[in-house]
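Trainee: Take a look at upload26.cif, mmCIF, C-alpha atoms:
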```
data_coords
#
loop_
_atom_site.group_PDB
_atom_site.id
_atom_site.type_symbol
_atom_site.label_atom_id
_atom_site.label_comp_id
_atom_site.auth_asym_id
_atom_site.auth_seq_id
_atom_site.Cartn_x
_atom_site.Cartn_y
_atom_site.Cartn_z
ATOM 1 C CA GLU B 28 -6.414 3.962 -4.373
ATOM 2 C CA ALA B 29 -9.672 2.571 -5.729
ATOM 3 C CA ASP B 30 -9.591 -1.198 -5.672
ATOM 4 C CA ILE B 31 -11.514 -4.347 -4.819
ATOM 5 C CA TYR B 32 -10.477 -6.176 -1.659
ATOM 6 C CA GLN B 33 -11.053 -9.764 -0.624
ATOM 7 C CA THR B 34 -10.441 -11.309 2.790
ATOM 8 C CA PRO B 35 -9.165 -13.678 3.893
ATOM 9 C CA ARG B 36 -6.542 -14.373 1.227
ATOM 10 C CA TYR B 37 -6.246 -18.019 2.347
ATOM 11 C CA LEU B 38 -8.597 -20.095 4.487
ATOM 12 C CA VAL B 39 -8.383 -23.691 5.714
ATOM 13 C CA ILE B 40 -11.433 -25.054 7.494
ATOM 14 C CA GLY B 41 -13.083 -28.330 8.436
ATOM 15 C CA THR B 42 -16.092 -29.916 6.787
ATOM 16 C CA GLY B 43 -19.465 -28.640 7.982
ATOM 17 C CA LYS B 44 -18.274 -25.202 9.045
ATOM 18 C CA LYS B 45 -20.140 -22.052 8.078
ATOM 19 C CA ILE B 46 -17.902 -19.456 6.450
ATOM 20 C CA THR B 47 -18.225 -15.991 4.983
ATOM 21 C CA LEU B 48 -15.871 -14.667 2.340
ATOM 22 C CA GLU B 49 -15.609 -10.888 2.376
ATOM 23 C CA CYS B 50 -15.486 -8.582 -0.648
ATOM 24 C CA SER B 51 -15.377 -4.797 -0.597
ATOM 25 C CA GLN B 52 -14.764 -2.302 -3.373
ATOM 26 C CA THR B 53 -13.890 1.354 -3.319
ATOM 27 C CA MET B 54 -14.465 1.755 -7.063
ATOM 28 C CA GLY B 55 -17.947 3.217 -6.624
ATOM 29 C CA HIS B 56 -19.359 0.412 -8.780
ATOM 30 C CA ASP B 57 -22.963 -0.753 -8.693
ATOM 31 C CA LYS B 58 -22.610 -4.292 -10.034
ATOM 32 C CA MET B 59 -20.701 -7.049 -8.273
ATOM 33 C CA TYR B 60 -20.007 -10.700 -9.042
ATOM 34 C CA TRP B 61 -18.705 -13.849 -7.371
ATOM 35 C CA TYR B 62 -16.888 -16.468 -9.473
ATOM 36 C CA GLN B 63 -15.366 -19.806 -8.498
ATOM 37 C CA GLN B 64 -12.132 -20.800 -10.238
ATOM 38 C CA ASP B 65 -9.771 -23.742 -9.930
ATOM 39 C CA PRO B 66 -6.189 -22.633 -10.777
ATOM 40 C CA GLY B 67 -6.006 -21.472 -14.382
ATOM 41 C CA MET B 68 -9.372 -23.004 -15.159
ATOM 42 C CA GLU B 69 -12.812 -21.746 -16.151
ATOM 43 C CA LEU B 70 -14.552 -19.046 -14.119
ATOM 44 C CA HIS B 71 -17.938 -20.283 -12.898
ATOM 45 C CA LEU B 72 -20.517 -17.645 -11.966
ATOM 46 C CA ILE B 73 -21.912 -18.150 -8.444
ATOM 47 C CA HIS B 74 -23.929 -14.992 -7.690
ATOM 48 C CA TYR B 75 -24.154 -11.406 -8.858
ATOM 49 C CA SER B 76 -25.861 -8.174 -7.836
ATOM 50 C CA TYR B 77 -26.997 -5.044 -9.659
ATOM 51 C CA GLY B 78 -26.881 -2.926 -6.519
ATOM 52 C CA VAL B 79 -28.196 -2.614 -2.978
ATOM 53 C CA ASN B 80 -30.875 -5.206 -2.136
ATOM 54 C CA SER B 81 -30.360 -6.948 -5.488
ATOM 55 C CA THR B 82 -29.023 -10.526 -5.683
ATOM 56 C CA GLU B 83 -29.129 -12.912 -8.647
ATOM 57 C CA LYS B 84 -28.165 -16.570 -8.979
ATOM 58 C CA GLY B 85 -25.499 -17.978 -11.262
ATOM 59 C CA ASP B 86 -24.810 -21.587 -12.217
ATOM 60 C CA LEU B 87 -23.231 -22.596 -8.884
ATOM 61 C CA SER B 88 -25.539 -20.768 -6.497
ATOM 62 C CA SER B 89 -27.250 -23.685 -4.787
ATOM 63 C CA GLU B 90 -24.783 -24.108 -1.909
ATOM 64 C CA SER B 91 -24.149 -20.492 -1.020
ATOM 65 C CA THR B 92 -25.867 -17.194 -0.305
ATOM 66 C CA VAL B 93 -24.990 -13.541 -0.758
ATOM 67 C CA SER B 94 -26.256 -10.237 0.553
ATOM 68 C CA ARG B 95 -25.950 -6.645 -0.669
ATOM 69 C CA ILE B 96 -26.856 -4.272 2.118
ATOM 70 C CA ARG B 97 -24.237 -1.673 1.168
ATOM 71 C CA THR B 98 -23.034 -0.748 -2.301
ATOM 72 C CA GLU B 99 -19.392 -1.421 -1.494
ATOM 73 C CA HIS B 100 -19.833 -4.758 0.305
ATOM 74 C CA PHE B 101 -20.826 -8.154 -1.183
ATOM 75 C CA PRO B 102 -20.106 -11.092 1.158
ATOM 76 C CA LEU B 103 -20.477 -14.755 0.136
ATOM 77 C CA THR B 104 -21.577 -17.331 2.722
ATOM 78 C CA LEU B 105 -21.202 -21.119 2.573
ATOM 79 C CA GLU B 106 -23.615 -22.579 5.117
ATOM 80 C CA SER B 107 -21.870 -25.945 5.399
ATOM 81 C CA ALA B 108 -18.462 -26.257 3.768
ATOM 82 C CA ARG B 109 -17.529 -29.489 1.964
ATOM 83 C CA PRO B 110 -14.250 -30.699 0.390
ATOM 84 C CA SER B 111 -15.842 -30.091 -3.034
ATOM 85 C CA HIS B 112 -15.886 -26.365 -2.170
ATOM 86 C CA THR B 113 -12.072 -26.307 -2.188
ATOM 87 C CA SER B 114 -11.254 -23.712 -4.842
ATOM 88 C CA GLN B 115 -10.394 -20.077 -5.435
ATOM 89 C CA TYR B 116 -13.214 -17.548 -5.081
ATOM 90 C CA LEU B 117 -12.944 -14.343 -7.083
ATOM 91 C CA CYS B 118 -15.025 -11.254 -6.449
ATOM 92 C CA ALA B 119 -15.459 -8.660 -9.200
ATOM 93 C CA SER B 120 -17.184 -5.330 -9.699
ATOM 94 C CA SER B 121 -18.223 -3.281 -12.724
ATOM 95 C CA GLU B 122 -19.605 0.145 -13.386
ATOM 96 C CA TYR B 123 -22.775 -1.115 -14.941
ATOM 97 C CA GLY B 124 -22.953 0.362 -18.392
ATOM 98 C CA GLY B 125 -25.620 -1.842 -19.832
ATOM 99 C CA SER B 126 -25.066 -4.734 -22.153
ATOM 100 C CA THR B 127 -22.195 -3.191 -24.126
ATOM 101 C CA ASN B 128 -19.862 -2.077 -21.378
ATOM 102 C CA GLU B 129 -19.536 -4.727 -18.677
ATOM 103 C CA LYS B 130 -15.876 -4.206 -17.728
ATOM 104 C CA LEU B 131 -15.040 -6.309 -14.690
ATOM 105 C CA PHE B 132 -12.379 -5.523 -12.125
ATOM 106 C CA PHE B 133 -11.352 -8.527 -10.053
ATOM 107 C CA GLY B 134 -10.141 -8.896 -6.501
ATOM 108 C CA SER B 135 -7.077 -10.989 -5.628
ATOM 109 C CA GLY B 136 -9.244 -13.920 -4.580
ATOM 110 C CA THR B 137 -9.708 -16.144 -1.540
ATOM 111 C CA GLN B 138 -8.133 -19.595 -1.739
ATOM 112 C CA LEU B 139 -10.373 -21.933 0.275
ATOM 113 C CA SER B 140 -9.373 -25.412 1.406
ATOM 114 C CA VAL B 141 -11.973 -27.602 3.112
ATOM 115 C CA LEU B 142 -10.549 -30.633 4.912
ATOM 116 C CA GLY W 530 -28.519 -22.182 -22.954
ATOM 117 C CA GLU W 531 -25.851 -19.717 -21.896
ATOM 118 C CA ASN W 532 -22.594 -21.063 -23.175
ATOM 119 C CA VAL W 533 -19.199 -19.857 -24.389
ATOM 120 C CA GLU W 534 -16.888 -22.398 -25.981
ATOM 121 C CA GLN W 535 -13.183 -21.568 -26.214
ATOM 122 C CA HIS W 536 -10.411 -23.318 -28.168
ATOM 123 C CA PRO W 537 -7.713 -24.422 -27.883
ATOM 124 C CA SER W 538 -7.293 -25.190 -24.186
ATOM 125 C CA THR W 539 -3.498 -24.954 -24.505
ATOM 126 C CA LEU W 540 -1.354 -23.204 -27.094
ATOM 127 C CA SER W 541 2.421 -23.179 -27.371
ATOM 128 C CA VAL W 542 4.208 -20.840 -29.804
ATOM 129 C CA GLN W 543 7.731 -19.623 -30.445
ATOM 130 C CA GLU W 544 8.576 -16.065 -29.554
ATOM 131 C CA GLY W 545 7.749 -13.789 -32.472
ATOM 132 C CA ASP W 546 5.036 -16.070 -33.875
ATOM 133 C CA SER W 547 1.329 -15.243 -33.855
ATOM 134 C CA ALA W 548 -1.271 -16.823 -31.588
ATOM 135 C CA VAL W 549 -4.994 -17.162 -32.273
ATOM 136 C CA ILE W 550 -7.675 -18.133 -29.748
ATOM 137 C CA LYS W 551 -11.252 -18.751 -30.845
ATOM 138 C CA CYS W 552 -14.585 -18.572 -29.039
ATOM 139 C CA THR W 553 -18.200 -19.262 -29.933
ATOM 140 C CA TYR W 554 -21.304 -18.162 -28.090
ATOM 141 C CA SER W 555 -24.877 -19.349 -28.087
ATOM 142 C CA ASP W 556 -27.071 -16.257 -27.634
ATOM 143 C CA SER W 557 -27.472 -14.267 -30.834
ATOM 144 C CA ALA W 558 -28.575 -11.258 -28.746
ATOM 145 C CA SER W 559 -25.164 -10.986 -27.037
ATOM 146 C CA ASN W 560 -23.455 -7.765 -28.038
ATOM 147 C CA TYR W 561 -20.383 -7.378 -25.825
ATOM 148 C CA PHE W 562 -17.307 -9.633 -25.926
ATOM 149 C CA PRO W 563 -14.319 -8.938 -23.649
ATOM 150 C CA TRP W 564 -11.023 -10.796 -23.324
ATOM 151 C CA TYR W 565 -9.188 -11.231 -20.020
ATOM 152 C CA LYS W 566 -5.597 -12.197 -19.319
ATOM 153 C CA GLN W 567 -4.665 -14.010 -16.121
ATOM 154 C CA GLU W 568 -0.993 -14.401 -15.283
ATOM 155 C CA LEU W 569 0.046 -17.147 -12.890
ATOM 156 C CA GLY W 570 -1.166 -16.362 -9.360
ATOM 157 C CA LYS W 571 -2.705 -13.039 -10.414
ATOM 158 C CA ARG W 572 -6.222 -11.750 -10.931
ATOM 159 C CA PRO W 573 -7.808 -11.677 -14.415
ATOM 160 C CA GLN W 574 -7.439 -8.323 -16.181
ATOM 161 C CA LEU W 575 -9.297 -6.940 -19.180
ATOM 162 C CA ILE W 576 -7.032 -6.591 -22.218
ATOM 163 C CA ILE W 577 -9.445 -5.799 -25.042
ATOM 164 C CA ASP W 578 -13.162 -5.878 -25.798
ATOM 165 C CA ILE W 579 -15.419 -5.603 -28.823
ATOM 166 C CA ARG W 580 -19.039 -4.638 -29.327
ATOM 167 C CA SER W 581 -21.357 -6.136 -31.885
ATOM 168 C CA ASN W 582 -21.488 -3.043 -34.079
ATOM 169 C CA VAL W 583 -17.767 -3.489 -34.849
ATOM 170 C CA GLY W 584 -16.153 -6.328 -36.810
ATOM 171 C CA GLU W 585 -12.572 -5.824 -35.684
ATOM 172 C CA LYS W 586 -10.647 -3.904 -33.055
ATOM 173 C CA LYS W 587 -6.893 -3.499 -32.646
ATOM 174 C CA ASP W 588 -4.671 -2.388 -29.814
ATOM 175 C CA GLN W 589 -0.948 -2.605 -30.634
ATOM 176 C CA ARG W 590 -0.107 -6.338 -30.918
ATOM 177 C CA ILE W 591 -3.595 -7.506 -29.924
ATOM 178 C CA ALA W 592 -6.635 -7.657 -32.165
ATOM 179 C CA VAL W 593 -10.096 -9.124 -31.809
ATOM 180 C CA THR W 594 -12.470 -10.053 -34.632
ATOM 181 C CA LEU W 595 -16.181 -10.741 -34.405
ATOM 182 C CA ASN W 596 -18.461 -12.644 -36.772
ATOM 183 C CA LYS W 597 -22.002 -12.102 -35.503
ATOM 184 C CA THR W 598 -23.594 -14.296 -38.147
ATOM 185 C CA ALA W 599 -21.501 -17.287 -37.143
ATOM 186 C CA LYS W 600 -21.536 -16.281 -33.455
ATOM 187 C CA HIS W 601 -17.819 -16.488 -33.015
ATOM 188 C CA PHE W 602 -15.001 -14.132 -32.086
ATOM 189 C CA SER W 603 -11.235 -14.501 -31.956
ATOM 190 C CA LEU W 604 -8.196 -13.016 -30.235
ATOM 191 C CA HIS W 605 -5.064 -12.494 -32.308
ATOM 192 C CA ILE W 606 -1.683 -11.772 -30.730
ATOM 193 C CA THR W 607 1.132 -10.902 -33.126
ATOM 194 C CA GLU W 608 4.886 -10.899 -32.464
ATOM 195 C CA THR W 609 4.396 -12.862 -29.255
ATOM 196 C CA GLN W 610 6.737 -12.288 -26.337
ATOM 197 C CA PRO W 611 7.441 -14.440 -23.244
ATOM 198 C CA GLU W 612 5.432 -11.981 -21.109
ATOM 199 C CA ASP W 613 2.359 -12.883 -23.162
ATOM 200 C CA SER W 614 2.426 -16.296 -21.459
ATOM 201 C CA ALA W 615 -0.771 -16.517 -19.388
ATOM 202 C CA VAL W 616 -4.276 -17.948 -19.390
ATOM 203 C CA TYR W 617 -6.635 -16.022 -21.675
ATOM 204 C CA PHE W 618 -10.413 -16.016 -21.192
ATOM 205 C CA CYS W 619 -13.045 -14.883 -23.636
ATOM 206 C CA ALA W 620 -16.483 -13.871 -22.403
ATOM 207 C CA ALA W 621 -19.898 -12.906 -23.721
ATOM 208 C CA PHE W 622 -22.519 -10.721 -22.090
ATOM 209 C CA TYR W 623 -25.879 -12.448 -21.962
ATOM 210 C CA ASN W 624 -28.704 -9.921 -21.962
ATOM 211 C CA GLN W 625 -31.128 -12.377 -20.426
ATOM 212 C CA GLY W 626 -30.055 -12.253 -16.813
ATOM 213 C CA GLY W 627 -27.543 -9.497 -17.494
ATOM 214 C CA LYS W 628 -24.417 -11.507 -16.775
ATOM 215 C CA LEU W 629 -20.958 -12.123 -18.171
ATOM 216 C CA ILE W 630 -20.246 -15.763 -19.035
ATOM 217 C CA PHE W 631 -16.649 -16.888 -19.535
ATOM 218 C CA GLY W 632 -15.091 -19.472 -21.816
ATOM 219 C CA GLN W 633 -12.977 -22.317 -20.480
ATOM 220 C CA GLY W 634 -9.665 -20.513 -20.870
ATOM 221 C CA THR W 635 -6.587 -20.994 -23.069
ATOM 222 C CA GLU W 636 -3.153 -21.445 -21.527
ATOM 223 C CA LEU W 637 -0.703 -19.700 -23.851
ATOM 224 C CA SER W 638 2.969 -20.508 -23.543
ATOM 225 C CA VAL W 639 5.480 -18.408 -25.500
ATOM 226 C CA LYS W 640 8.872 -20.098 -25.748
ATOM 227 C CA PRO W 641 11.947 -17.868 -26.076
#
```
Starting from the coordinates I provided, produce the structure as structure tokens.

Mentor:
Amino acid sequence: EADIYQTPRYLVIGTGKKITLECSQTMGHDKMYWYQQDPGMELHLIHYSYGVNSTEKGDLSSESTVSRIRTEHFPLTLESARPSHTSQYLCASSEYGGSTNEKLFFGSGTQLSVL
Amino acid sequence: GENVEQHPSTLSVQEGDSAVIKCTYSDSASNYFPWYKQELGKRPQLIIDIRSNVGEKKDQRIAVTLNKTAKHFSLHITETQPEDSAVYFCAAFYNQGGKLIFGQGTELSVKP
């Protein structure tokens, strides 16, 4: 079944560690997004990508990096985790249809806790 | 700047009543406005969307209206049911940068 998968589902790590959150989609979509969300709160755009070798910055991009080497894979890396990074991270994909058809499909999220 | 304001932040209604959530956006060039529903512990899911060439769109108990001149759009839920309880997010597509920006969310509680 076509879907968007995020791993791990939960992660607890210590301050200063480097971590990579994985996101893969089997939807055949070109565009992918990363959002940060505290429970039930606003979704903050971190990074997004139009396709292979494309990466764009969102509002919260300064402390993380992304790569897009394969269409289906869009990992997010925090170089040095801090307690302020404790949050849920949601990956999403869309079949890019231009400015009037940006329908996002979300993964189940990774809940990150930094001690 | 790129901004979507959403109100109210919380909304409590009795079952069977209507609920209205309002959003404003800042970029007059935006032309796509989706609404997402996020149930507790679940991922956000698209429930309805509207494009700028349409003033209103309806899907069963859900409707969305758009006023391009005033740069605001609203979600209307009629005959609310307890399963409508969730957090609802509006969003606007910003052509500059080609990204979807979300509002702050509205927590809707439907009391039986």

Trainee: Could you list the residues in chain B lying within 8 Å of chain W, using all atoms listed in the file, and format the result as a PyMOL selection string?

Mentor: chain B and resi 67-72+75+126-136

Trainee: Set the distance at 6 Å and use only C-alpha atoms: which residues neighbour Lys58 of chain B once local chain neighbours fewer than 6 positions away are removed? I'd like the list as a PDB file with C-alpha atoms, in the coordinates of the input.

Mentor:
```pdb
ATOM      1  CA  SER B  76     -25.861  -8.174  -7.836  1.00  0.00           C
ATOM      2  CA  TYR B  77     -26.997  -5.044  -9.659  1.00  0.00           C
ATOM      3  CA  GLY B  78     -26.881  -2.926  -6.519  1.00  0.00           C
ATOM      4  CA  SER B 120     -17.184  -5.330  -9.699  1.00  0.00           C
ATOM      5  CA  SER B 121     -18.223  -3.281 -12.724  1.00  0.00           C
ATOM      6  CA  TYR B 123     -22.775  -1.115 -14.941  1.00  0.00           C
TER       7      TYR B 123
END
```

Trainee: In terms of the shortest atom-to-atom distance over all atoms listed in the file, which of W:Asn596, W:Lys551, W:Lys640, W:Glu534 is closest to Glu612 of chain W?

Mentor: W:Lys640

Trainee: Just say which residues the PyMOL selection byres ((chain B and resi 140) around 7) picks in this file, as JSON, numbers by chain.

Mentor: {"B": [38, 39, 40, 113, 114, 138, 139, 141, 142]}

Trainee: I'd like to see the residues matched by the PyMOL selection byres ((chain W and resi 601-609) around 7) on this file, and ideally I'd get them as a PyMOL selection string.

Mentor: chain W and resi 544-554+590-597+599-600+610-611+613+639

Trainee: I would like the residues chosen by the PyMOL selection byres ((chain B and resi 103-105) around 12) on the shown file; could you give them as an NGL selection string?

Mentor: :B and (33-35 or 40 or 42-51 or 59-63 or 73-76 or 82 or 87-95 or 100-102 or 106-109 or 111-113 or 116-118 or 137 or 139 or 141)

Trainee: So how far away is atom CA of Gln589 of chain W from atom CA of Pro641 of chain W, in Å?

Mentor: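 Atom-to-atom, atom CA of Pro641 of chain W and atom CA of Gln589 of chain W are spaced 20.5 Å apart.
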
Trainee: Please report the interatomic distance between atom CA of Gln64 of chain B and atom CA of Ser555 of chain W in Å with one decimal.

Mentor: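 Separation of atom CA of Gln64 of chain B and atom CA of Ser555 of chain W: 22.0 Å.
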
Trainee: Please, what distance in Å, to one decimal, runs between atom CA of Glu122 of chain B and atom CA of Gly55 of chain B?

Mentor: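 Those two atoms sit 7.6 Å apart.
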
Trainee: Considering all atoms listed in the file, state which residue in the set B:Glu99, B:Asn80, B:Gln115, B:Arg36 is at the smallest distance from Asp57 of chain B.

Mentor: B:Glu99
